[in-house]
Amino acid sequence: MERIITLTTDFGLKDHYSGAMKGVILSINPEVIITDITHEIVPQDVFQAAFILRNFYHYFPQGTIHIVIVDPGVGSRRKPIVVQADNYIFLGPDNGIFTFIYSEFKSVKAFKISNPKYILPKVGSTFDGRDVFAPAAAHLSLGVPADDLGGQVRKPVKLQIKEPVVRGSEIIGEVIYIDSFGNLITNIPAQLIKPKSRVYIGGEVIKGISQFYAEVPKGEFLAIIGSTGFLEISVSHGSALDMVETRLSSTKSKKIKKVKHIPCVIRI
Amino acid sequence: MERIITLTTDFGLKDHYSGAMKGVILSINPEVIITDITHEIVPQDVFQAAFILRNFYHYFPQGTIHIVIVDPGVGSRRKPIVVQADNYIFLGPDNGIFTFIYSEFKSVKAFKISNPKYILPKVGSTFDGRDVFAPAAAHLSLGVPADDLGGQVRKPVKLQIKEPVVRGSEIIGEVIYIDSFGNLITNIPAQLIKPKSRVYIGGEVIKGISQFYAEVPKGEFLAIIGSTGFLEISVSHGSALDMVETRLSSTKSKKIKKVKHIPCVIRI
Amino acid sequence: MERIITLTTDFGLKDHYSGAMKGVILSINPEVIITDITHEIVPQDVFQAAFILRNFYHYFPQGTIHIVIVDPGVGSRRKPIVVQADNYIFLGPDNGIFTFIYSEFKSVKAFKISNPKYILPKVGSTFDGRDVFAPAAAHLSLGVPADDLGGQVRKPVKLQIKEPVVRGSEIIGEVIYIDSFGNLITNIPAQLIKPKSRVYIGGEVIKGISQFYAEVPKGEFLAIIGSTGFLEISVSHGSALDMVETRLSSTKSKKIKKVKHIPCVIRI
């Protein structure tokens with residue numbers, strides 16, 4: 001059976017890092033299909049990687065092996081782990097990167113990756129992607145069972161995920177992710193929203209939930225149920241990020257960082 | 001037979017968007033080869049995607065399936081279509097993105113993608129790449145005929161392409177694309193140009209057409225027949241975009257946007 | 001046998017350039033596995049490509065074909081070459097891009113790529129990636145011997161590589177590469193360094209060599225043996241590039257360029 005290994009990292013695209021990982025994987029299992037998801041996670045932003053993983057992994061076939069690496073603690077006591085959830089396999093540092101996986105599956109098992117049989121002798125201690133995760137994933141793709149990699153990790157690390165607060169007809173959420181179009185993805189799930197809801201964000205009031213971007217004139221704000229199942233704030237043919245930033249800067253607030261985590265309030 | 005699916009989008013590289021598409025495709029046809037062309041089309045720039053497609057598709061083997069998505073109208077009445085031209089297959093929104101294909105092939109057939117058998121139930125209405133184009137392409141790669149996806153589209157949308165104007169010994173064209181090296185690609189085809197032509201652009205006069213970049217000293221402008229078959233303006237070991245921008249800014253014009261579509265005049 | 005072709009270029013990610021190369025390769029050998037390393041080499045920076053290649057090629061299986069293109073002299077008298085070193089094959093311009101390969105292997109043979117049987121008729125003279133290197137690599141992957149591509153090149157071009165200077169207990173090196181995390185990679189190899197060495201860089205003094213990033217508090221400098229085998233200067237949970245740049249700019253020096261090649265002195 002042909003197996004798939006996906007790669008999600010904050011390694012960037014200009015260096016040799018993802019390339020070296022691919023070489024290690026193909027040296028161990030030349031038959032595996034390697035699929036890049038992204039290497040452009042904001043450096044050291046573990047939540048962002050966790051959220052991206054949540055959004056794509058289930059579209060892959062059962063048996064797919066997902067490597068996810070954002071790892072500022074590399075080389076320290078934080079453990080490299082493999083996580084088995086039904087027929088999905090995930091490899092990455094034990095720093096909360098699999099938080100959404102832990103909450104979506106009933107039965108999840110995590111194991112430390114420490115068996116020297118399945119990892120490389122190290123050059124330096126900064127690149128577990130190449131020396132630990134890539135070879136371990138390749139061996140798993142050849143049929144090595146996850147519990148052969150090392151001892152079970154009983155309490156893997158979880159991130160605190162901010163849930164929206166519901167107060168009567170008001171829902172108070174926030175922007176948790178901004179995509180490359182400048183769409184502002186909130187933590188408010190579709191189920192909490194009604195078609196006529198009003199949305200308050202960054203001094204803007206949006207009346208009603210749109211069905212598609214082009215429903216409003218070019219350059220205007222809209223609220224829409226996005227492809228992740230959460231409410232998103234967008235600008236038709238434009239970038240909501242840029243529009244909110246411009247607004248915030250004209251009120252002398254600080255830029256960008258303010259848009260991430262900016263409150264989003266719904267009146268249903 | 002192994003089939004190839006290529007991906008050309010404006011989805012960017014930091015999000016899960018292209019990754020989710022790859023998962024959908026591989027879940028339906030694990031044998032297909034997925035090839036990234038680019039995900040860095042300028043957001044919502046349909047012409048740019050159309051031009052990129054023109055420049056690469058014919059280098060792929062017959063039978064290749066090309067997905068091309070720049071789709072500000074996603075979810076609206078604009079139709080998702082599949083286009084068959086000889087043995088090539090193209091999927092994307094019906095917004096003019098296949099303009100060059102329509103003019104290069106004698107016989108082109110377009111069909112709406114609407115058969116629910118070949119598309120996913122939707123989460124939100126903003127991501128036809130994952131929910132419509134990816135599954136449809138994967139089914140096509142398994143041998144489903146294009147006309148099984150939906151009814152024929154008689155008059156697919158075409159962009160107005162700006163042709164250069166020839167006035168005696170003068171050709172008046174413009175810059176239509178700027179590549180990542182800063183080369184300025186014009187709409188003037190090689191056939192209209194003679195080796196001793198003079199090129200006028202942004203206040204600059206270039207005498208004669210070069211055979212290669214290193215023909216002129218570092219940092220100097222040159223005109224050359226580029227790999228797309230059009231005249232290009234370049235700077236040896238540098239960026240023509242940067243040089244023209246600097247010049248324009250010193251004359252108090254506005255930047256970047258001015259270089260795209262800047263006139264380029266040839267005297268042959 | 002399935003063969004692998006890797007791609008390392010300065011073509012960027014927004015254009016059709018790498019896509020056209022992939023099409024040419026797959027048209028000649030549809031069975032080959034194409035692996036992107038990076039297309040984000042700084043335009044025209046031959047040393048950077050040479051260094052990246054050094055860092056990843058040996059992780060790939062024997063028989064892998066590596067295409068490496070940074071080629072400001074494309075179309076001029078510089079030769080396109082194929083280099084055979086043991087069971088590795090490399091294709092690129094003869095401009096020093098294989099300098100590290102020449103010094104790492106005892107027996108290396110280089111051949112010009114000129115046999116018209118294995119290259120494409122040219123559109124323009126600016127894109128040997130598509131017209132020369134891609135088809136030649138694809139034919140090599142089908143078993144064509146390297147010396148069938150053209151005559152031997154006796155003295156391929158080598159870059160002058162700056163070695164660190166050892167003066168008693170002092171080693172004077174410099175930053176040769178800055179990765180996307182902002183880690184400053186020096187030319188000082190691990191073997192020259194002792195755990196208690198002091199590191200002097202950009203007005204900063206770092207005491208001792210760290211084992212991992214999280215060993216020091218967030219935002220502080222550290223020195224560490226990186227994954228390339230060289231000494232690196234990093235900032236825990238941050239970017240050493242940004243920190244050094246800020247420091248330099250407050251002293252009215254020029255930015256970025258100053259960090260590359262900035263001296264790094266070790267007292268062991």
# chains A, B, ... in the order shown; residues from 1 in each chain; ligands from 1

$ interface_residues --of "chain B" --to "chain C" --cutoff "6 Å" --atoms "only C-alpha atoms" --output "ChimeraX atom specification"
/B:37-38,40-41,52,56,59-61,180,212,214,225-227

$ residues_around --residues "Thr186 (chain C)" --least-positions-apart "6" --cutoff "7 Å" --atoms "only C-alpha atoms" --output "compact mmCIF listing (two decimals) with C-alpha atoms, in the first residue's frame"
# COMPACT_ATOMS: atom_id res chain seq x y z
CA GLY C 173 35.28 33.51 11.46
CA GLU C 174 32.22 35.17 9.98
CA VAL C 175 28.51 34.73 9.36
CA ILE C 176 28.09 32.97 6.01
CA TYR C 177 24.36 32.22 6.01
CA PHE C 230 28.87 24.87 12.10
CA LEU C 231 28.59 27.26 15.05
CA GLU C 232 25.38 29.25 14.99

$ residues_around --residues "Arg198 (chain B)" --least-positions-apart "2" --cutoff "6 Å" --atoms "only C-alpha atoms" --output "PDB file with N, CA, C and O atoms, in the first residue's frame"
ATOM      1  N   ILE B 206      16.717  51.689 -24.832  1.00  0.00           N
ATOM      2  CA  ILE B 206      17.595  50.525 -24.930  1.00  0.00           C
ATOM      3  C   ILE B 206      17.840  50.263 -26.414  1.00  0.00           C
ATOM      4  O   ILE B 206      16.900  50.110 -27.188  1.00  0.00           O
ATOM      5  N   LYS B 207      19.133  50.222 -26.791  1.00  0.00           N
ATOM      6  CA  LYS B 207      19.467  50.066 -28.204  1.00  0.00           C
ATOM      7  C   LYS B 207      19.762  48.616 -28.525  1.00  0.00           C
ATOM      8  O   LYS B 207      20.745  48.054 -28.036  1.00  0.00           O
ATOM      9  N   GLY B 208      18.926  48.000 -29.300  1.00  0.00           N
ATOM     10  CA  GLY B 208      19.173  46.626 -29.736  1.00  0.00           C
ATOM     11  C   GLY B 208      18.648  45.599 -28.743  1.00  0.00           C
ATOM     12  O   GLY B 208      18.435  45.895 -27.568  1.00  0.00           O
ATOM     13  N   ILE B 266       8.489  50.252 -29.213  1.00  0.00           N
ATOM     14  CA  ILE B 266       9.601  49.722 -30.008  1.00  0.00           C
ATOM     15  C   ILE B 266       9.681  50.498 -31.309  1.00  0.00           C
ATOM     16  O   ILE B 266       8.661  50.736 -31.955  1.00  0.00           O
ATOM     17  N   ARG B 267      10.898  50.852 -31.695  1.00  0.00           N
ATOM     18  CA  ARG B 267      11.107  51.349 -33.072  1.00  0.00           C
ATOM     19  C   ARG B 267      11.983  50.344 -33.782  1.00  0.00           C
ATOM     20  O   ARG B 267      13.120  50.126 -33.388  1.00  0.00           O
TER      21      ARG B 267
END

$ residues_around --residues "Ile172 (chain B)" --least-positions-apart "2" --cutoff "6 Å" --atoms "only C-alpha atoms" --output "list in words"
Pro164, Val165 and Val265 of chain B

$ write_last_selection --atoms "C-alpha atoms" --output "short mmCIF file (atom, residue, chain, number, x, y, z; two decimals), in the first residue's frame"
data_model
loop_
_atom_site.label_atom_id
_atom_site.label_comp_id
_atom_site.auth_asym_id
_atom_site.auth_seq_id
_atom_site.Cartn_x
_atom_site.Cartn_y
_atom_site.Cartn_z
CA PRO B 164 0.19 45.80 -28.97
CA VAL B 165 -0.54 48.44 -31.59
CA VAL B 265 7.45 51.38 -27.35
#

$ residues_around --residues "region 144-146 of chain C" --least-positions-apart "2" --cutoff "8 Å" --atoms "only C-alpha atoms" --output "JSON, numbers by chain"
{"C": [82, 83, 84, 111, 139, 140, 141, 142, 148, 149, 150]}

$ residues_around --residues "Leu53 (chain B)" --least-positions-apart "2" --cutoff "10 Å" --atoms "only C-alpha atoms" --output "short mmCIF file (atom, residue, chain, number, x, y, z; two decimals) with N, CA, C and O atoms, in the first residue's frame"
data_model
loop_
_atom_site.label_atom_id
_atom_site.label_comp_id
_atom_site.auth_asym_id
_atom_site.auth_seq_id
_atom_site.Cartn_x
_atom_site.Cartn_y
_atom_site.Cartn_z
N THR B 8 -2.59 25.57 -9.44
CA THR B 8 -2.21 26.98 -9.59
C THR B 8 -3.29 27.81 -8.90
O THR B 8 -4.44 27.80 -9.34
N ILE B 37 2.20 24.17 -9.04
CA ILE B 37 2.80 25.16 -9.94
C ILE B 37 3.08 26.40 -9.10
O ILE B 37 4.23 26.76 -8.88
N PHE B 47 -6.14 37.70 -14.41
CA PHE B 47 -5.27 37.76 -15.59
C PHE B 47 -3.94 37.08 -15.32
O PHE B 47 -3.41 36.35 -16.17
N GLN B 48 -3.39 37.34 -14.12
CA GLN B 48 -2.08 36.77 -13.80
C GLN B 48 -2.13 35.24 -13.86
O GLN B 48 -1.23 34.59 -14.41
N ALA B 49 -3.20 34.67 -13.31
CA ALA B 49 -3.34 33.21 -13.35
C ALA B 49 -3.47 32.71 -14.78
O ALA B 49 -2.88 31.69 -15.16
N ALA B 50 -4.24 33.45 -15.59
CA ALA B 50 -4.43 33.05 -16.98
C ALA B 50 -3.10 33.06 -17.73
O ALA B 50 -2.80 32.16 -18.53
N PHE B 51 -2.28 34.08 -17.44
CA PHE B 51 -0.99 34.21 -18.12
C PHE B 51 -0.02 33.11 -17.68
O PHE B 51 0.70 32.52 -18.50
N ASN B 55 1.76 29.84 -19.84
CA ASN B 55 3.21 29.66 -19.93
C ASN B 55 3.70 28.28 -19.55
O ASN B 55 4.85 27.95 -19.80
N PHE B 56 2.87 27.50 -18.86
CA PHE B 56 3.40 26.20 -18.43
C PHE B 56 2.61 24.99 -18.91
O PHE B 56 3.17 23.91 -19.03
N TYR B 57 1.31 25.11 -19.19
CA TYR B 57 0.49 23.91 -19.33
C TYR B 57 0.98 22.96 -20.43
O TYR B 57 0.95 21.74 -20.28
N HIS B 58 1.46 23.55 -21.55
CA HIS B 58 1.81 22.72 -22.71
C HIS B 58 3.12 21.97 -22.51
O HIS B 58 3.47 21.12 -23.34
N HIS B 66 -5.23 20.29 -15.11
CA HIS B 66 -4.75 21.53 -14.49
C HIS B 66 -5.86 22.22 -13.71
O HIS B 66 -6.87 22.63 -14.31
N ILE B 67 -5.70 22.35 -12.42
CA ILE B 67 -6.64 23.13 -11.60
C ILE B 67 -6.08 24.53 -11.44
O ILE B 67 -4.93 24.70 -11.03
N VAL B 68 -6.88 25.54 -11.78
CA VAL B 68 -6.42 26.93 -11.72
C VAL B 68 -7.50 27.74 -11.00
O VAL B 68 -8.61 27.89 -11.50
N PHE B 90 -8.81 21.27 -17.93
CA PHE B 90 -8.61 22.41 -17.03
C PHE B 90 -9.84 22.57 -16.14
O PHE B 90 -10.97 22.47 -16.62
N ILE B 97 -10.38 32.91 -16.60
CA ILE B 97 -9.07 32.36 -16.25
C ILE B 97 -8.51 31.46 -17.36
O ILE B 97 -7.30 31.24 -17.44
N PHE B 98 -9.39 30.99 -18.26
CA PHE B 98 -8.94 30.12 -19.35
C PHE B 98 -8.92 30.84 -20.70
O PHE B 98 -8.94 30.21 -21.76
N THR B 99 -8.86 32.16 -20.66
CA THR B 99 -8.90 32.97 -21.87
C THR B 99 -7.87 32.53 -22.91
O THR B 99 -8.19 32.36 -24.09
N PHE B 100 -6.62 32.34 -22.49
CA PHE B 100 -5.57 31.96 -23.45
C PHE B 100 -5.83 30.56 -24.02
O PHE B 100 -5.49 30.29 -25.18
N ILE B 101 -6.40 29.68 -23.22
CA ILE B 101 -6.71 28.32 -23.69
C ILE B 101 -7.75 28.40 -24.82
O ILE B 101 -7.62 27.75 -25.85
N ASP C 15 5.91 32.56 -10.08
CA ASP C 15 5.86 32.46 -11.54
C ASP C 15 5.65 31.01 -11.99
O ASP C 15 5.47 30.12 -11.18
N HIS C 16 5.70 30.80 -13.30
CA HIS C 16 5.50 29.47 -13.86
C HIS C 16 6.80 28.70 -14.02
O HIS C 16 6.80 27.59 -14.54
N GLY C 19 7.18 25.25 -12.41
CA GLY C 19 6.11 24.43 -12.98
C GLY C 19 6.43 23.95 -14.39
O GLY C 19 6.20 22.78 -14.73
N ALA C 20 6.98 24.85 -15.20
CA ALA C 20 7.34 24.45 -16.56
C ALA C 20 8.42 23.37 -16.54
O ALA C 20 8.38 22.41 -17.30
#

$ closest_residue --among "C:Gly96, C:Pro189, C:Gly63, C:Pro263" --to "Gln160 (chain C)" --atoms "only C-alpha atoms"
C:Gly96

$ atom_distance --atom1 "CA of Thr6 (chain A)" --atom2 "CA of Pro93 (chain A)"
15.5 Å

$ residues_around --residues "region 182-184 of chain B" --least-positions-apart "4" --cutoff "7 Å" --atoms "only C-alpha atoms" --output "VMD selection string"
chain B and resid 175 177 to 178 232 to 234 239 to 242

$ write_last_selection --atoms "N, CA, C and O atoms" --output "compact mmCIF listing (two decimals), in the first residue's frame"
# COMPACT_ATOMS: atom_id res chain seq x y z
N VAL B 175 3.75 46.63 -20.34
CA VAL B 175 4.19 45.57 -19.43
C VAL B 175 2.94 44.85 -18.92
O VAL B 175 2.05 45.49 -18.35
N TYR B 177 3.26 41.66 -17.18
CA TYR B 177 3.58 40.75 -16.08
C TYR B 177 4.99 41.08 -15.60
O TYR B 177 5.88 41.36 -16.40
N ILE B 178 5.17 41.03 -14.28
CA ILE B 178 6.49 41.27 -13.69
C ILE B 178 6.86 40.03 -12.91
O ILE B 178 6.13 39.63 -11.99
N GLU B 232 11.08 41.15 -23.15
CA GLU B 232 11.22 41.47 -21.74
C GLU B 232 12.27 42.56 -21.54
O GLU B 232 13.24 42.62 -22.28
N ILE B 233 12.04 43.37 -20.52
CA ILE B 233 13.03 44.37 -20.11
C ILE B 233 13.65 43.87 -18.81
O ILE B 233 12.95 43.55 -17.85
N SER B 234 14.99 43.78 -18.80
CA SER B 234 15.68 43.24 -17.65
C SER B 234 16.84 44.14 -17.27
O SER B 234 17.18 45.06 -18.01
N SER B 239 17.34 43.95 -10.87
CA SER B 239 15.91 43.92 -11.06
C SER B 239 15.44 45.15 -11.83
O SER B 239 15.61 46.28 -11.39
N ALA B 240 14.84 44.91 -13.00
CA ALA B 240 14.33 46.03 -13.79
C ALA B 240 13.18 46.72 -13.06
O ALA B 240 13.04 47.95 -13.12
N LEU B 241 12.39 45.94 -12.33
CA LEU B 241 11.30 46.53 -11.55
C LEU B 241 11.85 47.59 -10.58
O LEU B 241 11.37 48.72 -10.54
N ASP B 242 12.87 47.20 -9.82
CA ASP B 242 13.44 48.13 -8.84
C ASP B 242 13.99 49.38 -9.53
O ASP B 242 13.79 50.50 -9.05

$ select_by_dssp --residues "region 101-206 of chain A" --states "helix (DSSP H, G or I)" --output "ChimeraX atom specification"
/A:101-104,116-118,128-141,146-148,190-192

$ atom_distance --atom1 "CA of Ser210 (chain C)" --atom2 "CA of Gln152 (chain A)"
28.9 Å

$ select_by_dssp --residues "region 122-244 of chain A" --states "strand (DSSP E or B)" --output "PyMOL selection string"
chain A and resi 152+165-167+170-178+184-189+198-201+204-207+209-210+221-225+230-235+238

$ atom_distance --atom1 "CA of Gln62 (chain A)" --atom2 "CA of Val132 (chain A)"
22.9 Å

$ closest_residue --among "C:Ser236, C:Val70, C:Pro195, C:Ile201" --to "Glu215 (chain C)" --atoms "only C-alpha atoms"
C:Ser236

$ decode --residues "region 130-164 of chain A" --atoms "N, CA and C atoms" --output "JSON list (two decimals), in the first residue's frame"
[["chain", "number", "residue", "atom", "x", "y", "z"],
["A", 130, "ARG", "N", 14.75, 16.57, 10.95],
["A", 130, "ARG", "CA", 15.57, 15.69, 10.11],
["A", 130, "ARG", "C", 16.02, 14.43, 10.85],
["A", 131, "ASP", "N", 16.39, 14.61, 12.13],
["A", 131, "ASP", "CA", 17.09, 13.53, 12.84],
["A", 131, "ASP", "C", 16.14, 12.59, 13.58],
["A", 132, "VAL", "N", 14.93, 13.05, 13.90],
["A", 132, "VAL", "CA", 14.00, 12.25, 14.71],
["A", 132, "VAL", "C", 12.67, 12.02, 13.97],
["A", 133, "PHE", "N", 11.99, 13.13, 13.61],
["A", 133, "PHE", "CA", 10.63, 12.97, 13.08],
["A", 133, "PHE", "C", 10.61, 12.34, 11.68],
["A", 134, "ALA", "N", 11.52, 12.78, 10.82],
["A", 134, "ALA", "CA", 11.54, 12.23, 9.45],
["A", 134, "ALA", "C", 11.83, 10.73, 9.45],
["A", 135, "PRO", "N", 12.91, 10.28, 10.11],
["A", 135, "PRO", "CA", 13.15, 8.82, 10.07],
["A", 135, "PRO", "C", 12.07, 8.02, 10.78],
["A", 136, "ALA", "N", 11.55, 8.54, 11.91],
["A", 136, "ALA", "CA", 10.49, 7.81, 12.62],
["A", 136, "ALA", "C", 9.26, 7.67, 11.73],
["A", 137, "ALA", "N", 8.88, 8.76, 11.05],
["A", 137, "ALA", "CA", 7.71, 8.71, 10.16],
["A", 137, "ALA", "C", 7.92, 7.72, 9.03],
["A", 138, "ALA", "N", 9.13, 7.73, 8.46],
["A", 138, "ALA", "CA", 9.41, 6.81, 7.35],
["A", 138, "ALA", "C", 9.31, 5.36, 7.82],
["A", 139, "HIS", "N", 9.83, 5.07, 9.01],
["A", 139, "HIS", "CA", 9.73, 3.70, 9.52],
["A", 139, "HIS", "C", 8.27, 3.33, 9.80],
["A", 140, "LEU", "N", 7.50, 4.28, 10.33],
["A", 140, "LEU", "CA", 6.07, 4.01, 10.55],
["A", 140, "LEU", "C", 5.37, 3.70, 9.22],
["A", 141, "SER", "N", 5.78, 4.41, 8.17],
["A", 141, "SER", "CA", 5.15, 4.18, 6.86],
["A", 141, "SER", "C", 5.47, 2.80, 6.31],
["A", 142, "LEU", "N", 6.55, 2.19, 6.85],
["A", 142, "LEU", "CA", 6.92, 0.83, 6.43],
["A", 142, "LEU", "C", 6.25, -0.22, 7.30],
["A", 143, "GLY", "N", 5.46, 0.23, 8.30],
["A", 143, "GLY", "CA", 4.70, -0.73, 9.08],
["A", 143, "GLY", "C", 5.16, -0.91, 10.53],
["A", 144, "VAL", "N", 6.21, -0.20, 10.93],
["A", 144, "VAL", "CA", 6.64, -0.26, 12.33],
["A", 144, "VAL", "C", 5.49, 0.25, 13.21],
["A", 145, "PRO", "N", 5.10, -0.50, 14.25],
["A", 145, "PRO", "CA", 4.01, -0.01, 15.10],
["A", 145, "PRO", "C", 4.46, 1.16, 15.99],
["A", 146, "ALA", "N", 3.53, 2.09, 16.25],
["A", 146, "ALA", "CA", 3.87, 3.31, 16.99],
["A", 146, "ALA", "C", 4.49, 3.01, 18.35],
["A", 147, "ASP", "N", 4.00, 1.98, 19.02],
["A", 147, "ASP", "CA", 4.52, 1.73, 20.37],
["A", 147, "ASP", "C", 5.91, 1.11, 20.35],
["A", 148, "ASP", "N", 6.45, 0.86, 19.18],
["A", 148, "ASP", "CA", 7.82, 0.38, 19.08],
["A", 148, "ASP", "C", 8.81, 1.55, 19.14],
["A", 149, "LEU", "N", 8.30, 2.76, 19.02],
["A", 149, "LEU", "CA", 9.20, 3.93, 18.99],
["A", 149, "LEU", "C", 9.65, 4.35, 20.38],
["A", 150, "GLY", "N", 8.86, 4.03, 21.40],
["A", 150, "GLY", "CA", 9.24, 4.42, 22.76],
["A", 150, "GLY", "C", 8.07, 4.25, 23.72],
["A", 151, "GLY", "N", 8.31, 4.61, 24.97],
["A", 151, "GLY", "CA", 7.32, 4.41, 26.04],
["A", 151, "GLY", "C", 6.12, 5.33, 25.88],
["A", 152, "GLN", "N", 4.98, 4.92, 26.44],
["A", 152, "GLN", "CA", 3.77, 5.72, 26.32],
["A", 152, "GLN", "C", 3.88, 7.03, 27.11],
["A", 153, "VAL", "N", 3.31, 8.08, 26.55],
["A", 153, "VAL", "CA", 3.26, 9.38, 27.23],
["A", 153, "VAL", "C", 1.84, 9.53, 27.75],
["A", 154, "ARG", "N", 1.70, 9.50, 29.05],
["A", 154, "ARG", "CA", 0.35, 9.43, 29.64],
["A", 154, "ARG", "C", -0.39, 10.75, 29.53],
["A", 155, "LYS", "N", 0.28, 11.85, 29.80],
["A", 155, "LYS", "CA", -0.41, 13.14, 29.77],
["A", 155, "LYS", "C", 0.25, 14.10, 28.80],
["A", 156, "PRO", "N", -0.04, 13.95, 27.51],
["A", 156, "PRO", "CA", 0.58, 14.89, 26.57],
["A", 156, "PRO", "C", 0.10, 16.32, 26.83],
["A", 157, "VAL", "N", 0.94, 17.25, 26.48],
["A", 157, "VAL", "CA", 0.67, 18.68, 26.74],
["A", 157, "VAL", "C", -0.51, 19.18, 25.89],
["A", 158, "LYS", "N", -1.41, 19.95, 26.50],
["A", 158, "LYS", "CA", -2.52, 20.56, 25.76],
["A", 158, "LYS", "C", -2.48, 22.07, 25.89],
["A", 159, "LEU", "N", -2.80, 22.75, 24.79],
["A", 159, "LEU", "CA", -2.96, 24.22, 24.86],
["A", 159, "LEU", "C", -4.33, 24.55, 25.43],
["A", 160, "GLN", "N", -4.42, 25.67, 26.10],
["A", 160, "GLN", "CA", -5.70, 26.22, 26.52],
["A", 160, "GLN", "C", -6.34, 26.85, 25.28],
["A", 161, "ILE", "N", -7.50, 26.34, 24.85],
["A", 161, "ILE", "CA", -8.17, 26.92, 23.68],
["A", 161, "ILE", "C", -9.26, 27.87, 24.16],
["A", 162, "LYS", "N", -9.23, 29.09, 23.63],
["A", 162, "LYS", "CA", -10.21, 30.09, 24.06],
["A", 162, "LYS", "C", -11.56, 29.84, 23.39],
["A", 163, "GLU", "N", -12.58, 29.56, 24.18],
["A", 163, "GLU", "CA", -13.92, 29.35, 23.64],
["A", 163, "GLU", "C", -14.67, 30.67, 23.68],
["A", 164, "PRO", "N", -15.63, 30.87, 22.79],
["A", 164, "PRO", "CA", -16.44, 32.10, 22.87],
["A", 164, "PRO", "C", -17.39, 32.02, 24.07]]
